[in-house]
Amino acid sequence: MYLYFFSKEEGCDIRGIVRGGSIVTGDMSLRLSYMLDATPGVFGRAIEKFDSYLEFLSRTIGPKLEGKKVVVWFSGGKDSTTNLIVLLKLQEYISLNLRVYYIHAPLLDGRRNLSFVDEVSRRLNIDIEIESIGREKMEDLLWYFGMPFRGFRWCTYHAKIRPMREIRRRLGFDYEVSSERLFESYKRFESLQEYAKRKMFISGRQLKPTYFFTILDVVDILKKHNVIHPDYLRGCSRVSCSICPYRTIFELEETIDDLEDPGLIESILRKTFLERYKHAVGWEDYLEFSLWRFSPKMVGGILRLKQLVHRMGGYITSEDIRRALSTMWHTKFDAPKLELDEITELMLEAYRTRKYGILNLGLEPIFLSTNSET
């Protein structure tokens with residue numbers, strides 16, 4: 001296993017400068033956990049036949065859902081799209097009053113995600129309602145808060161969560177579908193472990209029909225229904241706003257040209273730089289390496305690490321990563337069938353010991369020991 005850090009289009013393995021859960025070189029020390037959410041996984045499928053799983057859901061939770069008003073918050077990402085398909089197909093077994101919403105973030109997002117919403121609506125024959133706080137309100141927030149960065153993604157609350165709360169209050173849903181899965185992060189597993197232990201899918205008004213799905217389950221379902229977001233096919237690891245701070249530097253190269261108003265965003269970037277970053281980095285480095293994605297307290301160390309990686313030379317390119325990430329969307333994998341009990345036990349053990357890697361293959365990254373601070 002390797003730990004690659006990218007300067008921009010090239011990255012090198014930095015395991016040699018990781019000490020006790022931190023990246024250490026000279027007088028610089030950066031906590032790895034601030035930049036990396038190491039996530040365990042399994043190789044296999046939890047769902048053997050999709051129709052059989054739908055029948056299982058209809059038997060176990062169908063009586064609770066019959067005739068209820070259910071909302072799906074659709075983002076276009078792989079997990080929310082999978083949940084949408086599951087709920088749509090579940091309507092063939094039980095009667096649901098299903099509403100689907102896409103919450104658009106003006107200015108930070110462009111047309112690509114809206115186009116995908118249209119495509120999914122057409123292919124799945126479902127009306128996806130689009131809600132937004134509006135361009136004027138978002139512009140006011142951008143001038144007030146500056147560009148969102150990792151650890152201060154104010155856009156999530158103001159442009160996503162608040163509109164969702166308003167829709168909930170207005171329409172009064174019985175259940176809302178959550179797209180969380182066990183294998184996204186330790187934080188997600190911590191919140192979902194009771195679901196797994198008790199094999200439940202509903203808690204209060206939260207409905208989690210796919211929480212134990214593996215990535216191969218998700219890929220299979222999206223391939224079958226031909227609703228894969230084009231960002232995944234191009235090798236992006238996530239679907240988010242065009243200028244989301246959680247995108248990698250080379251993913252931004254794929255998406256930043258989709259902005260609604262590039263000139264305004266550049267003005268916001270400059271204002272944010274002058275208010276928060278000018279004492280730590282120069283303007284050209286701030287733009288070239290998209291350093292606005294990181295906390296002002298970290299940005300000097302991030303730049304020094306990028307400069308160090310550049311001097312060390314590239315051992316892998318962004319194209320290599322794109323190709324690797326897109327492979328699962330283009331290739332059919334033979335993989336074992338896993339039972340929920342088996343998945344749960346593997347995850348519980350990983351959570352207790354803080355193990356990483358592919359749990360059922362014994363592959364564990366060697367750059368993080370089980371007793372590291374991360």
# chains A, B, ... in the order shown; residues from 1 in each chain; ligands from 1

$ residues_around --residues "range 161-176 of chain A" --least-positions-apart "4" --cutoff "9 Å" --atoms "only C-alpha atoms" --output "list in words"
Leu65, Lys68, Lys69, Val70, Val71, Val72, Trp73, Tyr101, Ile103, Glu131, Ser132, Ile133, Cys155, Thr156, Tyr157, Ile202, Gly204, Arg205, Gln206, Leu207 and Lys208 of chain A

$ residues_around --residues "range 178-184 of chain A" --least-positions-apart "2" --cutoff "7 Å" --atoms "only C-alpha atoms" --output "ChimeraX atom specification"
/A:39-41,79-80,83,176,188-189,192,206-208,210-213

$ closest_residue --among "A:Arg323, A:Arg112, A:Arg15, A:Arg123" --to "Asp257 in chain A" --atoms "only C-alpha atoms"
A:Arg112

$ atom_distance --atom1 "CA of Ile47 in chain A" --atom2 "CA of Phe333 in chain A"
14.0 Å

$ atom_distance --atom1 "CA of Met347 in chain A" --atom2 "CA of Arg247 in chain A"
26.5 Å

$ select_by_dssp --residues "range 156-360 of chain A" --states "strand (DSSP E)" --output "count of residues only"
9

$ closest_residue --among "A:Met35, A:Leu361, A:Leu107, A:Val309" --to "Lys8 in chain A" --atoms "only C-alpha atoms"
A:Val309

$ residues_around --residues "range 269-275 of chain A" --least-positions-apart "2" --cutoff "10 Å" --atoms "only C-alpha atoms" --output "PyMOL selection string"
chain A and resi 142-148+263-267+277-283+286-287+290-292+296

$ closest_residue --among "A:Met28, A:Val299, A:Leu348, A:Leu222" --to "Gly77 in chain A" --atoms "only C-alpha atoms"
A:Leu222

$ closest_residue --among "A:Ser185, A:Asn113, A:Ser52, A:Gln91" --to "Tyr351 in chain A" --atoms "only C-alpha atoms"
A:Ser185

$ select_by_dssp --residues "range 283-356 of chain A" --states "alpha helix (DSSP H)" --output "ChimeraX atom specification"
/A:283-288,299-312,318-330,340-353

$ residues_around --residues "range 229-234 of chain A" --least-positions-apart "6" --cutoff "12 Å" --atoms "only C-alpha atoms" --output "NGL selection string"
:A and (75-82 or 112-120 or 219 or 222-223 or 240-242 or 247 or 250-255 or 318-331)

$ residues_around --residues "Gly110 in chain A" --least-positions-apart "5" --cutoff "6 Å" --atoms "only C-alpha atoms" --output "number ranges by chain"
A: 258-260

$ write_last_selection --atoms "N, CA and C atoms" --output "compact mmCIF listing (two decimals), in the first residue's frame"
# COMPACT_ATOMS: atom_id res chain seq x y z
N ASP A 258 -16.92 24.66 -15.32
CA ASP A 258 -18.38 24.57 -15.39
C ASP A 258 -19.04 25.66 -14.55
N LEU A 259 -18.26 26.56 -13.97
CA LEU A 259 -18.82 27.57 -13.09
C LEU A 259 -19.77 28.51 -13.82
N GLU A 260 -20.78 28.93 -13.09
CA GLU A 260 -21.79 29.84 -13.64
C GLU A 260 -21.22 31.23 -13.88

$ closest_residue --among "A:Ile128, A:Asp13, A:Asp261, A:Arg198" --to "Phe74 in chain A" --atoms "only C-alpha atoms"
A:Ile128

$ closest_residue --among "A:Tyr356, A:Phe43, A:Tyr34, A:Tyr2" --to "Glu342 in chain A" --atoms "only C-alpha atoms"
A:Phe43

$ atom_distance --atom1 "CA of Ala335 in chain A" --atom2 "CA of Ile358 in chain A"
13.0 Å
